[in-house]
$ cat final04.txt   # compact mmCIF, C-alpha atoms
# COMPACT_ATOMS: atom_id res chain seq x y z
CA GLU A 1 -68.09 40.35 19.80
CA ALA A 2 -69.49 43.88 19.94
CA GLY A 3 -71.98 44.58 22.68
CA VAL A 4 -75.22 46.53 22.60
CA VAL A 5 -74.57 50.03 21.31
CA GLN A 6 -76.63 53.02 22.39
CA SER A 7 -76.48 56.66 21.43
CA PRO A 8 -76.36 59.30 22.59
CA ARG A 9 -74.86 58.49 25.98
CA TYR A 10 -76.13 61.74 27.49
CA LYS A 11 -78.87 64.11 26.44
CA ILE A 12 -80.07 67.34 28.03
CA ILE A 13 -83.24 68.95 26.71
CA GLU A 14 -85.85 71.40 27.84
CA LYS A 15 -89.33 70.17 28.73
CA LYS A 16 -91.80 69.89 25.87
CA GLN A 17 -88.97 69.18 23.41
CA PRO A 18 -88.79 65.86 21.53
CA VAL A 19 -85.94 63.41 22.01
CA ALA A 20 -84.90 60.13 20.41
CA PHE A 21 -82.63 57.31 21.50
CA TRP A 22 -81.01 54.76 19.23
CA CYS A 23 -80.01 51.17 19.92
CA ASN A 24 -78.05 48.61 17.92
CA PRO A 25 -78.36 45.14 19.48
CA ILE A 26 -75.83 42.34 19.41
CA SER A 27 -75.68 40.77 15.96
CA GLY A 28 -78.06 37.84 15.66
CA HIS A 29 -80.17 38.75 18.69
CA ASN A 30 -83.82 38.64 17.70
CA THR A 31 -85.20 40.07 20.91
CA LEU A 32 -84.73 43.71 21.86
CA TYR A 33 -85.84 45.46 25.03
CA TRP A 34 -86.11 49.06 26.14
CA TYR A 35 -85.96 49.68 29.88
CA LEU A 36 -86.39 52.80 31.99
CA GLN A 37 -84.26 53.16 35.09
CA ASN A 38 -85.08 55.91 37.55
CA LEU A 39 -82.56 56.99 40.16
CA GLY A 40 -82.33 54.44 42.96
CA GLN A 41 -84.57 51.96 41.16
CA GLY A 42 -84.11 48.86 39.10
CA PRO A 43 -84.77 48.81 35.36
CA GLU A 44 -88.43 48.62 34.31
CA LEU A 45 -89.45 47.23 30.95
CA LEU A 46 -91.01 49.69 28.50
CA ILE A 47 -91.26 47.52 25.40
CA ARG A 48 -90.01 44.20 24.04
CA TYR A 49 -89.57 43.31 20.38
CA GLU A 50 -89.37 39.89 18.78
CA ASN A 51 -87.81 40.78 15.43
CA GLU A 52 -89.98 43.65 14.13
CA GLU A 53 -92.99 42.88 16.31
CA ALA A 54 -93.67 44.62 19.60
CA VAL A 55 -94.84 41.70 21.76
CA ASP A 56 -94.96 43.44 25.13
CA ASP A 57 -95.59 47.18 25.22
CA SER A 58 -98.04 47.33 28.09
CA GLN A 59 -95.69 49.49 30.15
CA LEU A 60 -95.04 52.05 27.40
CA PRO A 61 -96.81 55.40 27.99
CA LYS A 62 -98.21 55.63 24.50
CA ASP A 63 -99.43 59.20 24.78
CA ARG A 64 -95.87 60.50 24.54
CA PHE A 65 -93.59 57.51 23.96
CA SER A 66 -93.16 55.60 20.73
CA ALA A 67 -90.71 53.00 19.51
CA GLU A 68 -89.88 51.27 16.28
CA ARG A 69 -87.71 48.45 15.01
CA LEU A 70 -88.33 48.58 11.29
CA LYS A 71 -85.95 45.94 9.94
CA GLY A 72 -85.72 43.80 13.04
CA VAL A 73 -82.26 45.09 13.96
CA ASP A 74 -81.81 48.69 15.16
CA SER A 75 -84.43 50.36 17.27
CA THR A 76 -85.40 53.93 18.13
CA LEU A 77 -87.28 55.11 21.21
CA LYS A 78 -88.87 58.55 21.05
CA ILE A 79 -90.44 60.87 23.59
CA GLN A 80 -92.59 63.74 22.40
CA PRO A 81 -93.04 65.97 24.27
CA ALA A 82 -90.62 65.31 27.13
CA GLU A 83 -91.63 66.08 30.69
CA LEU A 84 -89.52 66.74 33.77
CA GLY A 85 -90.40 63.30 35.14
CA ASP A 86 -88.84 61.61 32.11
CA SER A 87 -85.36 62.33 33.43
CA ALA A 88 -83.84 58.86 33.82
CA VAL A 89 -81.52 56.36 32.19
CA TYR A 90 -82.94 54.56 29.17
CA LEU A 91 -81.41 51.13 28.72
CA CYS A 92 -81.53 48.92 25.67
CA ALA A 93 -80.94 45.18 25.94
CA SER A 94 -80.97 42.24 23.58
CA SER A 95 -81.09 38.47 23.83
CA PRO A 96 -80.81 35.61 21.35
CA SER A 97 -84.43 34.62 21.91
CA GLY A 98 -87.32 35.55 24.10
CA GLY A 99 -90.58 33.91 25.08
CA LEU A 100 -90.18 30.37 26.32
CA ALA A 101 -86.40 30.28 25.94
CA VAL A 102 -84.54 31.21 29.08
CA SER A 103 -81.66 33.50 28.30
CA GLU A 104 -80.00 36.38 30.02
CA GLN A 105 -80.29 39.82 28.50
CA PHE A 106 -77.29 41.82 27.41
CA PHE A 107 -77.52 45.51 28.25
CA GLY A 108 -76.10 48.56 26.59
CA PRO A 109 -74.55 51.42 28.60
CA GLY A 110 -77.76 53.45 28.52
CA THR A 111 -78.69 57.01 27.63
CA ARG A 112 -78.95 59.39 30.55
CA LEU A 113 -81.71 61.91 29.83
CA THR A 114 -82.03 65.15 31.75
CA VAL A 115 -85.14 67.25 31.15
CA LEU A 116 -84.88 70.86 32.35
CA ASP B 1 -96.13 47.17 43.38
CA GLN B 2 -92.60 45.87 43.78
CA GLN B 3 -92.61 42.15 43.03
CA VAL B 4 -88.87 41.78 43.59
CA LYS B 5 -87.49 43.38 46.70
CA GLN B 6 -83.96 44.11 47.79
CA ASN B 7 -84.39 45.60 51.21
CA SER B 8 -80.75 46.48 51.83
CA PRO B 9 -79.70 49.46 49.73
CA SER B 10 -76.06 49.01 50.70
CA LEU B 11 -73.58 46.49 52.08
CA SER B 12 -69.98 47.02 53.14
CA VAL B 13 -67.61 44.07 53.46
CA GLN B 14 -63.90 43.67 54.03
CA GLU B 15 -61.80 42.11 51.28
CA GLY B 16 -61.53 38.34 51.67
CA ARG B 17 -64.75 38.02 53.64
CA ILE B 18 -68.11 36.73 52.43
CA SER B 19 -70.67 39.08 50.91
CA ILE B 20 -74.31 38.02 51.16
CA LEU B 21 -76.89 39.91 49.15
CA ASN B 22 -80.54 39.14 49.72
CA CYS B 23 -83.62 39.28 47.57
CA ASP B 24 -87.30 38.52 48.24
CA TYR B 25 -90.11 38.09 45.75
CA THR B 26 -93.87 37.96 45.95
CA ASN B 27 -95.00 36.41 42.66
CA SER B 28 -95.30 32.61 42.79
CA MET B 29 -95.25 32.53 38.97
CA PHE B 30 -91.57 33.46 38.90
CA ASP B 31 -89.59 30.44 37.73
CA TYR B 32 -86.16 31.82 36.88
CA PHE B 33 -83.97 34.23 38.79
CA LEU B 34 -80.93 36.21 37.77
CA TRP B 35 -78.35 38.46 39.36
CA TYR B 36 -76.89 41.38 37.46
CA LYS B 37 -73.94 43.53 38.40
CA LYS B 38 -73.69 47.19 37.44
CA TYR B 39 -70.72 49.54 37.48
CA PRO B 40 -71.24 53.33 37.23
CA ALA B 41 -72.00 54.60 33.72
CA GLU B 42 -72.33 51.05 32.39
CA GLY B 43 -75.31 48.82 31.74
CA PRO B 44 -76.04 45.84 33.99
CA THR B 45 -74.10 42.68 33.17
CA PHE B 46 -75.34 39.17 33.82
CA LEU B 47 -73.66 37.42 36.73
CA ILE B 48 -75.42 34.19 37.63
CA SER B 49 -78.87 32.61 37.45
CA ILE B 50 -80.94 29.84 38.95
CA SER B 51 -84.02 27.93 37.87
CA SER B 52 -86.86 27.38 40.32
CA ILE B 53 -86.29 23.61 40.09
CA LYS B 54 -82.93 24.04 41.82
CA ASP B 55 -81.96 25.39 45.20
CA LYS B 56 -78.34 26.22 44.51
CA ASN B 57 -76.14 27.25 41.62
CA GLU B 58 -72.44 27.92 41.84
CA ASP B 59 -70.03 29.67 39.51
CA GLY B 60 -66.57 30.28 40.84
CA ARG B 61 -66.73 32.72 43.73
CA PHE B 62 -70.46 33.29 43.21
CA THR B 63 -73.24 31.08 44.58
CA VAL B 64 -76.95 31.74 44.44
CA PHE B 65 -79.32 30.01 46.86
CA LEU B 66 -83.07 29.77 46.32
CA ASN B 67 -85.63 29.09 49.05
CA LYS B 68 -88.95 28.76 47.24
CA SER B 69 -91.05 28.26 50.35
CA ALA B 70 -89.77 31.55 51.74
CA LYS B 71 -89.71 33.24 48.31
CA HIS B 72 -86.17 34.28 49.05
CA LEU B 73 -82.86 34.09 47.25
CA SER B 74 -79.39 35.17 48.14
CA LEU B 75 -76.10 35.74 46.36
CA HIS B 76 -72.92 34.74 48.15
CA ILE B 77 -69.55 36.07 47.04
CA VAL B 78 -66.55 34.32 48.57
CA PRO B 79 -63.96 35.69 48.88
CA SER B 80 -65.01 39.26 48.22
CA GLN B 81 -62.64 41.42 46.21
CA PRO B 82 -62.47 45.22 45.75
CA GLY B 83 -63.41 44.75 42.08
CA ASP B 84 -66.74 43.31 43.23
CA SER B 85 -67.78 46.78 44.40
CA ALA B 86 -70.84 47.56 42.29
CA VAL B 87 -74.62 47.66 42.41
CA TYR B 88 -76.18 44.19 42.35
CA PHE B 89 -79.67 43.72 40.96
CA CYS B 90 -81.85 40.72 41.57
CA ALA B 91 -84.24 39.93 38.71
CA ALA B 92 -86.97 37.39 38.09
CA LYS B 93 -88.73 35.99 35.06
CA SER B 94 -92.33 34.84 35.07
CA ARG B 95 -93.75 31.77 33.34
CA GLY B 96 -97.07 33.61 33.11
CA SER B 97 -98.41 35.99 30.52
CA THR B 98 -95.39 38.27 30.60
CA LEU B 99 -92.92 35.66 29.34
CA GLY B 100 -89.55 37.20 28.68
CA ARG B 101 -90.06 40.24 30.92
CA LEU B 102 -87.57 40.63 33.74
CA TYR B 103 -88.68 42.17 37.01
CA PHE B 104 -85.85 43.90 38.84
CA GLY B 105 -85.28 44.83 42.45
CA ARG B 106 -83.95 48.25 43.39
CA GLY B 107 -80.40 47.01 43.78
CA THR B 108 -77.85 46.76 46.58
CA GLN B 109 -74.65 48.78 46.49
CA LEU B 110 -71.80 46.49 47.55
CA THR B 111 -68.57 48.09 48.73
CA VAL B 112 -65.58 45.83 49.36
CA TRP B 113 -62.82 47.60 51.24
CA PRO B 114 -59.21 46.46 51.55

$ encode --input "final04.txt" --output "structure tokens"
Amino acid sequence: EAGVVQSPRYKIIEKKQPVAFWCNPISGHNTLYWYLQNLGQGPELLIRYENEEAVDDSQLPKDRFSAERLKGVDSTLKIQPAELGDSAVYLCASSPSGGLAVSEQFFGPGTRLTVL
Amino acid sequence: DQQVKQNSPSLSVQEGRISILNCDYTNSMFDYFLWYKKYPAEGPTFLISISSIKDKNEDGRFTVFLNKSAKHLSLHIVPSQPGDSAVYFCAAKSRGSTLGRLYFGRGTQLTVWP
């Protein structure tokens, strides 16, 4: 079974430029998560999708970050414009179900973003 | 405000010995706890979990203990192997309004030396 796929794996951009990350979850997983992991920290949730619906986006800085999951499968996370402090690893995860069901999340390898 | 705390950033253990990784939490609404393992340049992978209705869960060499009164859990690895060297994250899930969200600690780097 293929795992969570993310691309690109690494991205270097200059500040004020836009950047986008792509995630393909495990087939059949309805719930998709985007996490931010700063150096020396644990992952922090940015947004959670149940199918196409964003059900938890309270941690997403909406002035510069946006996300979409149009057909309930792949997802894109965008930053526009990027700032120096956005340098981090962006992790995508998926799980068979969210909400009341207890299930572990399966993580992709992440995209390491460096903003110069 | 860190709701899940891993106060030891690193742990070094000899092969064959026991590794004990600790985790504390502050939110009494947490009802499910997980441990993830992370190798460099890879995403975290699920290791073991425990529900708040239990105080112990065992899976092979890995055992997680939960002390609800102390809001403390620990992961025991016996015997430790060099391949266990990785960063271990403790995570918790709340039964409150943020159902489905995992709260992670900062991680503990475990090094198992021969």

$ interface_residues --input "final04.txt" --of "chain B" --to "chain A" --cutoff "10 Å" --atoms "all atoms listed in the file" --output "PyMOL selection string"
chain B and resi 4-6+9+32-36+38-49+51+88-91+93+95+97-108

$ atom_distance --input "final04.txt" --atom1 "atom CA of B:Phe62" --atom2 "atom CA of B:Trp113"
18.1 Å

$ atom_distance --input "final04.txt" --atom1 "atom CA of A:Ser94" --atom2 "atom CA of B:Cys23"
24.3 Å

$ residues_around --input "final04.txt" --residues "B:Lys54" --least-positions-apart "6" --cutoff "10 Å" --atoms "all atoms listed in the file" --output "PyMOL selection string"
chain B and resi 32+65-68

$ residues_around --input "final04.txt" --residues "stretch 70-80 of chain A" --least-positions-apart "3" --cutoff "7 Å" --atoms "all atoms listed in the file" --output "VMD selection string"
chain A and resid 17 to 25 51 to 52 64 to 67

$ atom_distance --input "final04.txt" --atom1 "atom CA of B:Ala70" --atom2 "atom CA of B:Met29"
13.9 Å

$ closest_residue --input "final04.txt" --among "B:Lys56, B:Lys71, B:His76, B:Arg61" --to "B:Ser19" --atoms "only C-alpha atoms"
B:His76

$ closest_residue --input "final04.txt" --among "A:Ser27, A:Pro8, A:Gln59, A:Thr114" --to "A:Leu84" --atoms "all atoms listed in the file"
A:Thr114

$ closest_residue --input "final04.txt" --among "B:Ser80, B:Ser85, B:Thr63, B:Gln2" --to "B:Glu15" --atoms "only C-alpha atoms"
B:Ser80

$ decode --input "final04.txt" --residues "stretch 18-47 of chain B" --atoms "N, CA, C and O atoms" --output "CSV table (one decimal), in the first residue's frame"
chain,number,residue,atom,x,y,z
B,18,ILE,N,17.2,-1.1,28.9
B,18,ILE,CA,15.8,-0.5,28.8
B,18,ILE,C,15.9,1.0,28.5
B,18,ILE,O,16.8,1.7,29.0
B,19,SER,N,15.1,1.4,27.5
B,19,SER,CA,14.9,2.9,27.3
B,19,SER,C,13.6,3.3,27.9
B,19,SER,O,12.6,2.6,27.6
B,20,ILE,N,13.6,4.4,28.6
B,20,ILE,CA,12.4,4.9,29.2
B,20,ILE,C,12.2,6.4,28.7
B,20,ILE,O,13.1,7.2,29.1
B,21,LEU,N,11.2,6.6,28.0
B,21,LEU,CA,10.9,8.0,27.5
B,21,LEU,C,9.7,8.5,28.2
B,21,LEU,O,8.7,7.8,28.3
B,22,ASN,N,9.7,9.7,28.7
B,22,ASN,CA,8.7,10.2,29.5
B,22,ASN,C,7.9,11.4,28.8
B,22,ASN,O,8.5,12.1,28.0
B,23,CYS,N,6.7,11.5,29.3
B,23,CYS,CA,5.8,12.5,28.7
B,23,CYS,C,4.8,13.0,29.8
B,23,CYS,O,4.3,12.1,30.5
B,24,ASP,N,4.6,14.3,29.9
B,24,ASP,CA,3.6,14.8,30.8
B,24,ASP,C,2.6,15.7,30.0
B,24,ASP,O,2.9,16.2,29.0
B,25,TYR,N,1.4,15.7,30.5
B,25,TYR,CA,0.4,16.5,29.8
B,25,TYR,C,-0.4,17.3,30.9
B,25,TYR,O,-0.4,17.0,32.1
B,26,THR,N,-1.0,18.4,30.4
B,26,THR,CA,-1.7,19.3,31.3
B,26,THR,C,-3.3,19.3,31.1
B,26,THR,O,-4.0,19.6,32.0
B,27,ASN,N,-3.7,18.8,30.0
B,27,ASN,CA,-5.1,18.9,29.6
B,27,ASN,C,-5.9,17.6,30.1
B,27,ASN,O,-5.6,16.6,29.6
B,28,SER,N,-6.8,17.8,31.0
B,28,SER,CA,-7.5,16.6,31.5
B,28,SER,C,-8.6,16.1,30.5
B,28,SER,O,-9.2,15.1,30.8
B,29,MET,N,-8.8,16.8,29.4
B,29,MET,CA,-9.7,16.3,28.4
B,29,MET,C,-9.0,15.3,27.4
B,29,MET,O,-9.7,14.8,26.6
B,30,PHE,N,-7.7,15.2,27.5
B,30,PHE,CA,-7.0,14.2,26.7
B,30,PHE,C,-7.5,12.8,27.1
B,30,PHE,O,-7.5,12.4,28.3
B,31,ASP,N,-7.9,12.0,26.1
B,31,ASP,CA,-8.4,10.6,26.4
B,31,ASP,C,-7.7,9.6,25.6
B,31,ASP,O,-8.1,8.4,25.7
B,32,TYR,N,-6.8,9.9,24.8
B,32,TYR,CA,-6.1,8.9,24.0
B,32,TYR,C,-4.7,9.5,23.7
B,32,TYR,O,-4.5,10.6,23.4
B,33,PHE,N,-3.7,8.6,23.9
B,33,PHE,CA,-2.3,9.0,23.8
B,33,PHE,C,-1.5,8.1,22.8
B,33,PHE,O,-1.8,6.9,22.7
B,34,LEU,N,-0.6,8.7,22.0
B,34,LEU,CA,0.1,7.9,21.0
B,34,LEU,C,1.6,8.3,21.1
B,34,LEU,O,2.0,9.4,21.5
B,35,TRP,N,2.4,7.3,20.7
B,35,TRP,CA,3.8,7.6,20.5
B,35,TRP,C,4.1,7.4,19.0
B,35,TRP,O,3.7,6.4,18.4
B,36,TYR,N,4.9,8.3,18.5
B,36,TYR,CA,5.4,8.3,17.1
B,36,TYR,C,6.9,8.3,17.1
B,36,TYR,O,7.5,8.8,18.0
B,37,LYS,N,7.4,7.6,16.1
B,37,LYS,CA,8.9,7.5,16.0
B,37,LYS,C,9.2,8.2,14.7
B,37,LYS,O,8.5,8.1,13.7
B,38,LYS,N,10.3,9.0,14.7
B,38,LYS,CA,10.7,9.7,13.4
B,38,LYS,C,12.2,9.5,13.2
B,38,LYS,O,13.0,9.9,14.0
B,39,TYR,N,12.5,9.0,11.9
B,39,TYR,CA,13.8,9.0,11.4
B,39,TYR,C,14.1,10.3,10.7
B,39,TYR,O,13.2,10.9,10.1
B,40,PRO,N,15.4,10.7,10.5
B,40,PRO,CA,15.7,11.9,9.7
B,40,PRO,C,15.1,11.8,8.3
B,40,PRO,O,15.2,10.8,7.7
B,41,ALA,N,14.6,12.9,7.8
B,41,ALA,CA,14.1,13.1,6.5
B,41,ALA,C,12.9,12.2,6.2
B,41,ALA,O,12.5,12.0,5.0
B,42,GLU,N,12.3,11.7,7.2
B,42,GLU,CA,11.0,10.9,7.1
B,42,GLU,C,9.9,11.5,8.0
B,42,GLU,O,10.2,12.3,8.9
B,43,GLY,N,8.7,11.2,7.6
B,43,GLY,CA,7.6,11.7,8.5
B,43,GLY,C,7.5,10.8,9.7
B,43,GLY,O,8.0,9.6,9.7
B,44,PRO,N,6.8,11.2,10.8
B,44,PRO,CA,6.6,10.4,12.0
B,44,PRO,C,5.8,9.1,11.6
B,44,PRO,O,4.9,9.2,10.8
B,45,THR,N,6.1,8.0,12.2
B,45,THR,CA,5.4,6.8,12.1
B,45,THR,C,4.8,6.3,13.4
B,45,THR,O,5.5,6.4,14.4
B,46,PHE,N,3.6,5.9,13.4
B,46,PHE,CA,2.9,5.5,14.6
B,46,PHE,C,3.6,4.3,15.2
B,46,PHE,O,4.0,3.3,14.5
B,47,LEU,N,3.7,4.3,16.5
B,47,LEU,CA,4.4,3.2,17.2
B,47,LEU,C,3.4,2.4,18.1
B,47,LEU,O,3.3,1.2,18.0
